[in-house]
>>> print(open('model.csv').read())   # CSV, C-alpha atoms
chain,number,residue,atom,x,y,z
A,1,MET,CA,-2.5,103.9,-48.7
A,2,HIS,CA,-4.3,104.9,-45.6
A,3,ARG,CA,-1.8,105.5,-42.8
A,4,VAL,CA,-2.7,104.5,-39.2
A,5,VAL,CA,-0.4,105.9,-36.6
A,6,VAL,CA,-0.5,104.4,-33.0
A,7,LEU,CA,0.7,106.7,-30.3
A,8,ALA,CA,2.4,104.8,-27.4
A,9,LEU,CA,2.5,106.9,-24.3
A,10,GLU,CA,4.4,106.1,-21.2
A,11,GLY,CA,2.8,103.2,-19.3
A,12,VAL,CA,0.9,101.9,-22.4
A,13,TYR,CA,-0.9,98.7,-22.0
A,14,PRO,CA,0.7,96.2,-24.4
A,15,PHE,CA,-2.5,94.3,-25.4
A,16,GLU,CA,-4.4,97.4,-26.5
A,17,LEU,CA,-1.2,98.8,-28.2
A,18,SER,CA,-1.2,95.7,-30.4
A,19,ILE,CA,-4.8,95.8,-31.5
A,20,PRO,CA,-4.5,98.4,-34.3
A,21,VAL,CA,-1.4,96.7,-35.8
A,22,ARG,CA,-3.2,93.3,-35.8
A,23,ILE,CA,-6.5,94.5,-37.2
A,24,PHE,CA,-5.4,97.1,-39.7
A,25,GLY,CA,-2.3,95.2,-40.6
A,26,THR,CA,-4.4,92.1,-41.5
A,27,ALA,CA,-6.8,94.0,-43.9
A,28,ALA,CA,-6.1,93.3,-47.5
A,29,GLY,CA,-7.8,93.7,-50.9
A,30,ARG,CA,-9.0,91.0,-53.3
A,31,ASP,CA,-5.5,90.6,-54.7
A,32,GLY,CA,-3.9,90.5,-51.2
A,33,GLU,CA,-2.6,94.1,-51.3
A,34,PRO,CA,-2.4,95.7,-47.9
A,35,LEU,CA,-5.1,98.4,-47.3
A,36,TYR,CA,-3.4,100.2,-44.4
A,37,GLU,CA,0.1,101.2,-43.4
A,38,VAL,CA,0.5,101.0,-39.6
A,39,ALA,CA,3.2,102.9,-37.7
A,40,THR,CA,3.8,103.0,-34.0
A,41,CYS,CA,5.3,106.1,-32.5
A,42,GLY,CA,6.2,107.6,-29.1
A,43,LEU,CA,6.6,111.2,-28.1
A,44,ASP,CA,10.4,111.2,-28.7
A,45,GLY,CA,11.1,108.0,-30.6
A,46,GLY,CA,13.0,106.4,-27.6
A,47,PRO,CA,12.0,103.4,-25.4
A,48,VAL,CA,8.5,103.5,-24.0
A,49,THR,CA,7.7,101.9,-20.6
A,50,THR,CA,4.6,99.7,-20.5
A,51,SER,CA,2.2,98.7,-17.8
A,52,ALA,CA,4.0,95.3,-17.8
A,53,ASP,CA,7.5,94.4,-16.7
A,54,PHE,CA,9.1,95.3,-20.0
A,55,ALA,CA,9.6,98.4,-22.2
A,56,ILE,CA,9.3,98.7,-26.0
A,57,THR,CA,11.3,100.4,-28.7
A,58,VAL,CA,9.3,102.3,-31.3
A,59,ALA,CA,10.7,103.3,-34.7
A,60,HIS,CA,9.1,106.8,-34.8
A,61,GLY,CA,8.8,109.9,-32.7
A,62,SER,CA,5.9,112.3,-32.7
A,63,GLU,CA,6.8,113.6,-36.1
A,64,ALA,CA,5.0,110.5,-37.5
A,65,LEU,CA,1.7,112.2,-36.5
A,66,ARG,CA,2.1,114.6,-39.4
A,67,THR,CA,1.5,111.8,-41.8
A,68,ALA,CA,-1.5,110.2,-40.0
A,69,ASP,CA,-4.8,109.6,-41.7
A,70,THR,CA,-6.0,107.9,-38.5
A,71,LEU,CA,-4.5,108.3,-35.0
A,72,VAL,CA,-5.1,105.6,-32.5
A,73,ILE,CA,-4.3,106.2,-28.8
A,74,PRO,CA,-4.2,103.1,-26.6
A,75,PRO,CA,-4.7,103.4,-22.8
A,76,PHE,CA,-1.8,103.8,-20.4
A,77,THR,CA,-1.3,103.8,-16.7
A,78,CYS,CA,-1.4,107.0,-14.8
A,79,GLY,CA,-1.1,108.3,-11.2
A,80,PRO,CA,-3.8,108.7,-8.6
A,81,ASP,CA,-6.8,111.0,-9.5
A,82,GLU,CA,-5.3,114.0,-7.8
A,83,GLN,CA,-2.1,113.6,-9.8
A,84,ARG,CA,-3.6,112.9,-13.1
A,85,ASP,CA,-2.7,115.1,-16.0
A,86,TRP,CA,-4.4,113.6,-19.0
A,87,LEU,CA,-3.1,116.2,-21.5
A,88,PRO,CA,0.5,117.2,-20.5
A,89,ASP,CA,2.1,119.8,-22.7
A,90,GLU,CA,4.1,117.3,-24.8
A,91,VAL,CA,1.0,115.3,-25.6
A,92,ALA,CA,-0.9,118.5,-26.6
A,93,ARG,CA,2.0,119.5,-28.9
A,94,ALA,CA,2.0,116.0,-30.4
A,95,LEU,CA,-1.8,116.2,-31.2
A,96,ALA,CA,-1.3,119.6,-32.8
A,97,LEU,CA,0.9,117.9,-35.4
A,98,LEU,CA,-2.1,116.0,-36.8
A,99,PRO,CA,-3.2,117.0,-40.4
A,100,ALA,CA,-6.6,118.6,-40.7
A,101,GLY,CA,-9.3,115.9,-41.2
A,102,ALA,CA,-7.3,113.1,-39.6
A,103,ARG,CA,-9.5,110.6,-37.6
A,104,ILE,CA,-8.7,110.3,-33.9
A,105,VAL,CA,-9.5,107.1,-32.1
A,106,SER,CA,-9.2,106.3,-28.4
A,107,ILE,CA,-9.2,102.8,-26.9
A,108,CYS,CA,-10.5,102.3,-23.3
A,109,THR,CA,-9.4,105.0,-20.9
A,110,ALA,CA,-7.4,106.9,-23.6
A,111,SER,CA,-10.7,108.6,-24.0
A,112,TYR,CA,-9.6,110.9,-21.1
A,113,VAL,CA,-6.9,112.3,-23.5
A,114,LEU,CA,-9.5,113.2,-26.1
A,115,ALA,CA,-11.8,114.7,-23.5
A,116,ALA,CA,-9.0,116.7,-21.9
A,117,ALA,CA,-8.2,118.1,-25.4
A,118,GLY,CA,-11.8,119.2,-25.8
A,119,LEU,CA,-12.5,116.8,-28.7
A,120,LEU,CA,-15.5,115.2,-27.0
A,121,ASP,CA,-17.3,118.3,-25.7
A,122,GLY,CA,-21.0,118.0,-26.6
A,123,ARG,CA,-20.4,114.6,-28.2
A,124,PRO,CA,-21.4,111.1,-27.2
A,125,ALA,CA,-18.5,109.0,-26.1
A,126,THR,CA,-17.6,105.9,-24.2
A,127,THR,CA,-14.8,104.5,-22.0
A,128,HIS,CA,-14.3,101.5,-19.8
A,129,TRP,CA,-17.5,100.8,-17.9
A,130,ASN,CA,-15.6,100.8,-14.6
A,131,GLU,CA,-14.4,104.4,-15.2
A,132,ALA,CA,-17.6,105.7,-16.8
A,133,HIS,CA,-18.9,107.5,-13.6
A,134,HIS,CA,-15.5,109.1,-12.9
A,135,PHE,CA,-15.2,110.1,-16.6
A,136,GLN,CA,-18.6,111.8,-16.5
A,137,GLN,CA,-17.7,113.7,-13.4
A,138,ALA,CA,-14.3,114.8,-14.8
A,139,PHE,CA,-15.8,115.9,-18.1
A,140,PRO,CA,-19.4,116.9,-17.6
A,141,ARG,CA,-19.7,118.3,-21.2
A,142,VAL,CA,-19.2,114.8,-22.7
A,143,GLN,CA,-22.3,112.6,-23.2
A,144,VAL,CA,-21.0,109.4,-21.7
A,145,ASP,CA,-22.6,106.1,-22.8
A,146,ALA,CA,-21.2,103.2,-20.8
A,147,ASN,CA,-23.4,100.6,-22.4
A,148,VAL,CA,-21.9,100.5,-25.9
A,149,LEU,CA,-18.7,99.0,-27.2
A,150,PHE,CA,-17.8,102.0,-29.3
A,151,VAL,CA,-19.0,105.4,-30.4
A,152,ASP,CA,-18.4,106.7,-34.0
A,153,ASN,CA,-18.7,110.5,-34.3
A,154,GLY,CA,-17.2,110.5,-37.8
A,155,GLN,CA,-13.8,112.1,-37.2
A,156,VAL,CA,-13.6,111.2,-33.5
A,157,LEU,CA,-14.2,107.7,-32.2
A,158,THR,CA,-14.0,106.1,-28.8
A,159,ALA,CA,-13.9,102.5,-27.8
A,160,ALA,CA,-15.0,101.0,-24.5
A,161,GLY,CA,-12.8,98.9,-22.3
A,162,VAL,CA,-9.8,96.8,-23.5
A,163,ALA,CA,-10.9,94.3,-26.2
A,164,ALA,CA,-13.6,96.7,-27.4
A,165,GLY,CA,-10.7,98.2,-29.3
A,166,VAL,CA,-11.0,95.2,-31.6
A,167,ASP,CA,-14.6,96.0,-32.2
A,168,LEU,CA,-13.9,99.6,-33.1
A,169,CYS,CA,-10.9,98.8,-35.4
A,170,LEU,CA,-13.1,96.2,-37.2
A,171,HIS,CA,-15.8,98.9,-37.5
A,172,LEU,CA,-13.4,101.2,-39.2
A,173,VAL,CA,-12.3,98.6,-41.6
A,174,ARG,CA,-15.9,97.9,-42.3
A,175,ARG,CA,-16.6,101.6,-42.8
A,176,ASP,CA,-13.6,102.1,-45.1
A,177,HIS,CA,-13.8,98.9,-47.2
A,178,GLY,CA,-17.1,97.1,-46.5
A,179,SER,CA,-18.2,94.1,-44.5
A,180,GLU,CA,-16.5,91.5,-46.8
A,181,VAL,CA,-13.1,92.8,-45.9
A,182,ALA,CA,-13.9,93.3,-42.2
A,183,ASN,CA,-15.3,89.8,-42.0
A,184,ARG,CA,-12.2,88.4,-43.5
A,185,VAL,CA,-10.0,90.2,-41.0
A,186,ALA,CA,-12.2,89.0,-38.2
A,187,ARG,CA,-11.9,85.4,-39.4
A,188,LEU,CA,-8.1,85.6,-39.7
A,189,CYS,CA,-7.9,87.1,-36.2
A,190,VAL,CA,-10.4,84.5,-34.8
A,191,VAL,CA,-12.8,87.1,-33.4
A,192,PRO,CA,-16.5,87.8,-34.2
A,193,PRO,CA,-16.9,90.4,-36.9
A,194,TRP,CA,-19.6,92.1,-34.8
A,195,ARG,CA,-20.2,91.4,-31.1
A,196,GLU,CA,-23.7,91.3,-29.9
A,197,GLY,CA,-24.7,93.6,-27.1
A,198,GLY,CA,-22.7,96.3,-25.4
A,199,GLN,CA,-20.6,96.8,-22.3
A,200,ALA,CA,-23.5,96.1,-20.1
A,201,GLN,CA,-23.0,92.3,-20.5
A,202,TYR,CA,-19.5,92.6,-19.0
A,203,VAL,CA,-20.3,94.6,-15.9
A,204,ASP,CA,-19.8,92.7,-12.6
A,205,ARG,CA,-22.8,90.5,-12.0
A,206,PRO,CA,-23.4,86.9,-10.7
A,207,VAL,CA,-22.3,84.4,-13.4
A,208,PRO,CA,-25.0,81.8,-14.2
A,209,GLU,CA,-24.1,78.2,-13.3
A,210,PRO,CA,-22.8,76.4,-16.4
A,211,SER,CA,-25.7,73.9,-16.2
A,212,ALA,CA,-28.2,76.7,-16.4
A,213,THR,CA,-30.4,76.9,-19.5
A,214,THR,CA,-29.3,79.6,-21.9
A,215,THR,CA,-30.8,81.3,-24.9
A,216,ALA,CA,-27.9,80.5,-27.2
A,217,ALA,CA,-29.8,77.7,-29.1
A,218,THR,CA,-32.8,80.0,-29.6
A,219,ARG,CA,-30.5,82.8,-30.9
A,220,ASP,CA,-29.0,80.4,-33.5
A,221,TRP,CA,-32.5,79.2,-34.4
A,222,ALA,CA,-33.7,82.8,-34.8
A,223,LEU,CA,-30.8,83.6,-37.2
A,224,GLU,CA,-31.9,80.7,-39.4
A,225,HIS,CA,-35.5,82.1,-39.5
A,226,LEU,CA,-34.9,85.9,-40.0
A,227,HIS,CA,-37.0,85.8,-43.2
A,228,ARG,CA,-40.2,85.4,-41.3
A,229,PRO,CA,-41.9,87.2,-38.4
A,230,LEU,CA,-40.7,86.0,-34.9
A,231,THR,CA,-42.7,86.8,-31.9
A,232,LEU,CA,-41.4,87.0,-28.3
A,233,ALA,CA,-43.8,84.2,-27.3
A,234,GLU,CA,-42.4,82.0,-30.1
A,235,LEU,CA,-38.8,82.7,-29.1
A,236,ALA,CA,-39.6,81.9,-25.5
A,237,ALA,CA,-41.4,78.7,-26.4
A,238,HIS,CA,-38.4,77.6,-28.5
A,239,ALA,CA,-36.2,78.1,-25.4
A,240,ARG,CA,-38.8,76.3,-23.2
A,241,MET,CA,-39.1,79.3,-20.9
A,242,SER,CA,-41.8,81.7,-19.9
A,243,VAL,CA,-41.7,85.0,-21.7
A,244,ARG,CA,-40.6,86.8,-18.5
A,245,THR,CA,-37.8,84.3,-17.8
A,246,PHE,CA,-36.6,84.3,-21.4
A,247,CYS,CA,-36.4,88.1,-21.5
A,248,ARG,CA,-34.5,88.3,-18.3
A,249,ARG,CA,-32.0,85.6,-19.2
A,250,PHE,CA,-31.7,87.0,-22.8
A,251,ARG,CA,-30.8,90.4,-21.5
A,252,ASP,CA,-28.3,88.9,-19.0
A,253,GLU,CA,-26.5,87.0,-21.7
A,254,VAL,CA,-26.6,89.4,-24.6
A,255,GLY,CA,-26.9,92.8,-22.9
A,256,MET,CA,-30.1,94.0,-24.8
A,257,PRO,CA,-33.7,92.9,-25.1
A,258,PRO,CA,-34.7,90.2,-27.6
A,259,GLY,CA,-36.5,92.6,-29.9
A,260,GLN,CA,-33.6,95.0,-30.2
A,261,TRP,CA,-31.2,92.1,-30.8
A,262,LEU,CA,-33.5,90.7,-33.5
A,263,THR,CA,-33.7,94.0,-35.3
A,264,ARG,CA,-30.0,94.4,-35.3
A,265,GLN,CA,-29.5,90.9,-36.8
A,266,ARG,CA,-32.0,91.8,-39.5
A,267,VAL,CA,-30.2,95.0,-40.3
A,268,ASP,CA,-26.8,93.2,-40.4
A,269,HIS,CA,-28.3,90.5,-42.7
A,270,ALA,CA,-29.7,93.2,-45.0
A,271,ARG,CA,-26.4,95.0,-45.1
A,272,ARG,CA,-24.6,91.8,-46.1
A,273,LEU,CA,-27.1,91.2,-48.9
A,274,LEU,CA,-26.8,94.8,-50.1
A,275,GLU,CA,-23.0,94.5,-50.3
A,276,THR,CA,-22.7,91.0,-51.8
A,277,THR,CA,-25.7,90.5,-54.1
A,278,ASP,CA,-27.7,92.3,-56.8
A,279,LEU,CA,-31.0,91.4,-55.3
A,280,PRO,CA,-33.7,94.1,-55.5
A,281,VAL,CA,-34.3,96.0,-52.3
A,282,ASP,CA,-37.8,94.6,-51.8
A,283,HIS,CA,-36.4,91.0,-52.1
A,284,ILE,CA,-33.7,91.9,-49.5
A,285,ALA,CA,-36.3,93.3,-47.2
A,286,THR,CA,-38.2,90.0,-47.4
A,287,HIS,CA,-35.0,87.9,-46.9
A,288,ALA,CA,-34.1,89.9,-43.8
A,289,GLY,CA,-37.6,89.7,-42.3
A,290,PHE,CA,-38.6,93.4,-42.7
A,291,GLY,CA,-41.5,92.5,-45.0
A,292,THR,CA,-41.4,95.6,-47.2
A,293,ALA,CA,-38.8,97.9,-48.7
A,294,ALA,CA,-40.3,100.8,-46.8
A,295,SER,CA,-39.7,99.0,-43.5
A,296,LEU,CA,-36.1,98.2,-44.5
A,297,ARG,CA,-35.5,101.9,-45.5
A,298,GLN,CA,-36.9,103.0,-42.1
A,299,HIS,CA,-34.7,100.7,-40.1
A,300,LEU,CA,-31.5,101.5,-42.1
A,301,ALA,CA,-32.2,105.2,-41.8
A,302,THR,CA,-32.7,104.8,-38.0
A,303,THR,CA,-29.6,102.6,-37.5
A,304,LEU,CA,-27.2,103.9,-40.1
A,305,GLY,CA,-28.7,107.2,-41.3
A,306,ILE,CA,-28.6,106.0,-44.9
A,307,SER,CA,-31.0,104.5,-47.5
A,308,PRO,CA,-30.5,101.0,-48.9
A,309,VAL,CA,-29.7,102.4,-52.4
A,310,ALA,CA,-27.1,104.8,-50.9
A,311,TYR,CA,-25.6,102.0,-48.8
A,312,ARG,CA,-25.3,99.7,-51.7
A,313,ARG,CA,-23.7,102.5,-53.8
A,314,ALA,CA,-21.1,103.1,-51.1
A,315,PHE,CA,-20.2,99.5,-50.3
A,316,ARG,CA,-21.2,97.2,-53.2
A,317,ASN,CA,-18.1,97.7,-55.3
A,318,ARG,CA,-15.5,97.9,-52.5
>>> encode(input="model.csv", output="structure tokens")
Amino acid sequence: MHRVVVLALEGVYPFELSIPVRIFGTAAGRDGEPLYEVATCGLDGGPVTTSADFAITVAHGSEALRTADTLVIPPFTCGPDEQRDWLPDEVARALALLPAGARIVSICTASYVLAAAGLLDGRPATTHWNEAHHFQQAFPRVQVDANVLFVDNGQVLTAAGVAAGVDLCLHLVRRDHGSEVANRVARLCVVPPWREGGQAQYVDRPVPEPSATTTAATRDWALEHLHRPLTLAELAAHARMSVRTFCRRFRDEVGMPPGQWLTRQRVDHARRLLETTDLPVDHIATHAGFGTAASLRQHLATTLGISPVAYRRAFRNR
């Protein structure tokens, strides 16, 4: 069984600490068998202070890291900038216990730990949008992307702020066991299996009045008509807005342009069909609105770096 170890450092944020336990602990196979074993550890196995007004007791010390297939580091409070030491000796020694090939995941500002350890040098990464500028200044060799909810570099993964840890953990379940399992976990946890847009939609900005017209109904309508071409003018007409107003409001609400969002929905729909049906690739391309198998192959290669046949081979029987 895949073993996930969560490292609780002093000042850990309780909400983020609980995310891996909840998501991975909920993942189960067709017969209800658990797919992950989750263990929480501290550096010494003793009580760990949190950012709240209580401490927690963990069952394991850092020796648990020796058994980790995936390590998750939640964020924690730290001193002022001039006093910050994101990789104290005891944390560096703990990370050195990880087996070769173990995945390392940071949630929110725990990305500072990975960056201080040199694990993000030359790689794209993300962190909480409010810290992205400081993060880039502190670690100029990291390619910081403050607009996404998470970044997957294969063995090293970083999540954006706070609840983006849910998105990343669901992504790992999806990567390990396919969308069917990840979607079931999402339903049980009452969260969306895949959030639209990135961090940009959560950056401080004026909130529209509740009575203001939104693009939500048009997005729902578009999802019901993915099988056919949808023009920007048609989407705007459905929303009863000008194209310019529709594009501006759509980006404000979703965090990306309508065309980019629509392509993502088509890719996601094609992935679900590849995983759950035996439909030929050209039929899936039609159902998802790509028109031709060649167009589907191009979009999957651009988005996932994989062909439809290879994707189905990897996920169809999981």
>>> residues_around(input="model.csv", residues="A:Ala39", least_positions_apart="6", cutoff="12 Å", atoms="only C-alpha atoms", output="VMD selection string")
chain A and resid 2 to 8 17 to 18 20 to 22 24 to 25 45 58 to 72
>>> write_last_selection(input="model.csv", atoms="C-alpha atoms", output="PDB file, in the frame of the given file")
ATOM      1  CA  HIS A   2      -4.300 104.900 -45.600  1.00  0.00           C
ATOM      2  CA  ARG A   3      -1.800 105.500 -42.800  1.00  0.00           C
ATOM      3  CA  VAL A   4      -2.700 104.500 -39.200  1.00  0.00           C
ATOM      4  CA  VAL A   5      -0.400 105.900 -36.600  1.00  0.00           C
ATOM      5  CA  VAL A   6      -0.500 104.400 -33.000  1.00  0.00           C
ATOM      6  CA  LEU A   7       0.700 106.700 -30.300  1.00  0.00           C
ATOM      7  CA  ALA A   8       2.400 104.800 -27.400  1.00  0.00           C
ATOM      8  CA  LEU A  17      -1.200  98.800 -28.200  1.00  0.00           C
ATOM      9  CA  SER A  18      -1.200  95.700 -30.400  1.00  0.00           C
ATOM     10  CA  PRO A  20      -4.500  98.400 -34.300  1.00  0.00           C
ATOM     11  CA  VAL A  21      -1.400  96.700 -35.800  1.00  0.00           C
ATOM     12  CA  ARG A  22      -3.200  93.300 -35.800  1.00  0.00           C
ATOM     13  CA  PHE A  24      -5.400  97.100 -39.700  1.00  0.00           C
ATOM     14  CA  GLY A  25      -2.300  95.200 -40.600  1.00  0.00           C
ATOM     15  CA  GLY A  45      11.100 108.000 -30.600  1.00  0.00           C
ATOM     16  CA  VAL A  58       9.300 102.300 -31.300  1.00  0.00           C
ATOM     17  CA  ALA A  59      10.700 103.300 -34.700  1.00  0.00           C
ATOM     18  CA  HIS A  60       9.100 106.800 -34.800  1.00  0.00           C
ATOM     19  CA  GLY A  61       8.800 109.900 -32.700  1.00  0.00           C
ATOM     20  CA  SER A  62       5.900 112.300 -32.700  1.00  0.00           C
ATOM     21  CA  GLU A  63       6.800 113.600 -36.100  1.00  0.00           C
ATOM     22  CA  ALA A  64       5.000 110.500 -37.500  1.00  0.00           C
ATOM     23  CA  LEU A  65       1.700 112.200 -36.500  1.00  0.00           C
ATOM     24  CA  ARG A  66       2.100 114.600 -39.400  1.00  0.00           C
ATOM     25  CA  THR A  67       1.500 111.800 -41.800  1.00  0.00           C
ATOM     26  CA  ALA A  68      -1.500 110.200 -40.000  1.00  0.00           C
ATOM     27  CA  ASP A  69      -4.800 109.600 -41.700  1.00  0.00           C
ATOM     28  CA  THR A  70      -6.000 107.900 -38.500  1.00  0.00           C
ATOM     29  CA  LEU A  71      -4.500 108.300 -35.000  1.00  0.00           C
ATOM     30  CA  VAL A  72      -5.100 105.600 -32.500  1.00  0.00           C
TER      31      VAL A  72
END
>>> closest_residue(input="model.csv", among="A:Leu87, A:Val309, A:Cys169, A:Ala138", to="A:Asp152", atoms="all atoms listed in the file")
A:Cys169
>>> closest_residue(input="model.csv", among="A:Val162, A:Val254, A:Val144, A:Leu95", to="A:His128", atoms="all atoms listed in the file")
A:Val162
>>> residues_around(input="model.csv", residues="stretch 286-299 of chain A", least_positions_apart="6", cutoff="12 Å", atoms="only C-alpha atoms", output="PyMOL selection string")
chain A and resi 222-231+260+262-274+279-280+305-311
>>> residues_around(input="model.csv", residues="stretch 102-115 of chain A", least_positions_apart="5", cutoff="8 Å", atoms="all atoms listed in the file", output="VMD selection string")
chain A and resid 16 68 to 76 86 to 87 120 to 121 126 to 128 131 135 139 142 154 to 162 164 to 165
>>> closest_residue(input="model.csv", among="A:Gly122, A:Thr276, A:Met1, A:Thr245", to="A:Glu33", atoms="only C-alpha atoms")
A:Met1
>>> residues_around(input="model.csv", residues="A:Asp53", least_positions_apart="3", cutoff="12 Å", atoms="all atoms listed in the file", output="PyMOL selection string")
chain A and resi 11-14+48-50+56
>>> build_atoms(input="model.csv", residues="stretch 217-238 of chain A", atoms="N, CA and C atoms", output="CSV table (one decimal), keeping the file's coordinate frame")
chain,number,residue,atom,x,y,z
A,217,ALA,N,-29.1,78.6,-28.1
A,217,ALA,CA,-29.8,77.7,-29.1
A,217,ALA,C,-30.9,78.5,-29.8
A,218,THR,N,-31.6,79.2,-29.0
A,218,THR,CA,-32.8,80.0,-29.6
A,218,THR,C,-32.2,81.1,-30.5
A,219,ARG,N,-31.1,81.8,-30.1
A,219,ARG,CA,-30.5,82.8,-30.9
A,219,ARG,C,-30.1,82.2,-32.3
A,220,ASP,N,-29.5,81.0,-32.2
A,220,ASP,CA,-29.0,80.4,-33.5
A,220,ASP,C,-30.2,80.0,-34.3
A,221,TRP,N,-31.3,79.6,-33.7
A,221,TRP,CA,-32.5,79.2,-34.4
A,221,TRP,C,-33.1,80.5,-35.1
A,222,ALA,N,-33.1,81.6,-34.3
A,222,ALA,CA,-33.7,82.8,-34.8
A,222,ALA,C,-32.9,83.3,-36.1
A,223,LEU,N,-31.6,83.2,-36.0
A,223,LEU,CA,-30.8,83.6,-37.2
A,223,LEU,C,-31.1,82.8,-38.4
A,224,GLU,N,-31.6,81.6,-38.3
A,224,GLU,CA,-31.9,80.7,-39.4
A,224,GLU,C,-33.3,81.0,-39.9
A,225,HIS,N,-34.1,81.8,-39.2
A,225,HIS,CA,-35.5,82.1,-39.5
A,225,HIS,C,-35.7,83.6,-39.6
A,226,LEU,N,-34.7,84.4,-39.9
A,226,LEU,CA,-34.9,85.9,-40.0
A,226,LEU,C,-35.9,86.3,-41.1
A,227,HIS,N,-36.1,85.4,-42.1
A,227,HIS,CA,-37.0,85.8,-43.2
A,227,HIS,C,-38.4,85.9,-42.8
A,228,ARG,N,-38.8,85.4,-41.6
A,228,ARG,CA,-40.2,85.4,-41.3
A,228,ARG,C,-40.4,86.1,-39.9
A,229,PRO,N,-41.6,86.5,-39.6
A,229,PRO,CA,-41.9,87.2,-38.4
A,229,PRO,C,-41.6,86.2,-37.2
A,230,LEU,N,-41.0,86.8,-36.1
A,230,LEU,CA,-40.7,86.0,-34.9
A,230,LEU,C,-41.2,86.7,-33.7
A,231,THR,N,-42.2,86.2,-33.0
A,231,THR,CA,-42.7,86.8,-31.9
A,231,THR,C,-41.9,86.5,-30.6
A,232,LEU,N,-42.1,87.3,-29.6
A,232,LEU,CA,-41.4,87.0,-28.3
A,232,LEU,C,-41.9,85.7,-27.7
A,233,ALA,N,-43.2,85.5,-27.9
A,233,ALA,CA,-43.8,84.2,-27.3
A,233,ALA,C,-43.2,83.0,-28.0
A,234,GLU,N,-43.0,83.1,-29.4
A,234,GLU,CA,-42.4,82.0,-30.1
A,234,GLU,C,-41.0,81.7,-29.7
A,235,LEU,N,-40.2,82.8,-29.5
A,235,LEU,CA,-38.8,82.7,-29.1
A,235,LEU,C,-38.7,82.0,-27.7
A,236,ALA,N,-39.6,82.5,-26.8
A,236,ALA,CA,-39.6,81.9,-25.5
A,236,ALA,C,-40.0,80.4,-25.5
A,237,ALA,N,-41.0,80.1,-26.3
A,237,ALA,CA,-41.4,78.7,-26.4
A,237,ALA,C,-40.3,77.8,-27.0
A,238,HIS,N,-39.5,78.3,-27.9
A,238,HIS,CA,-38.4,77.6,-28.5
A,238,HIS,C,-37.4,77.3,-27.4
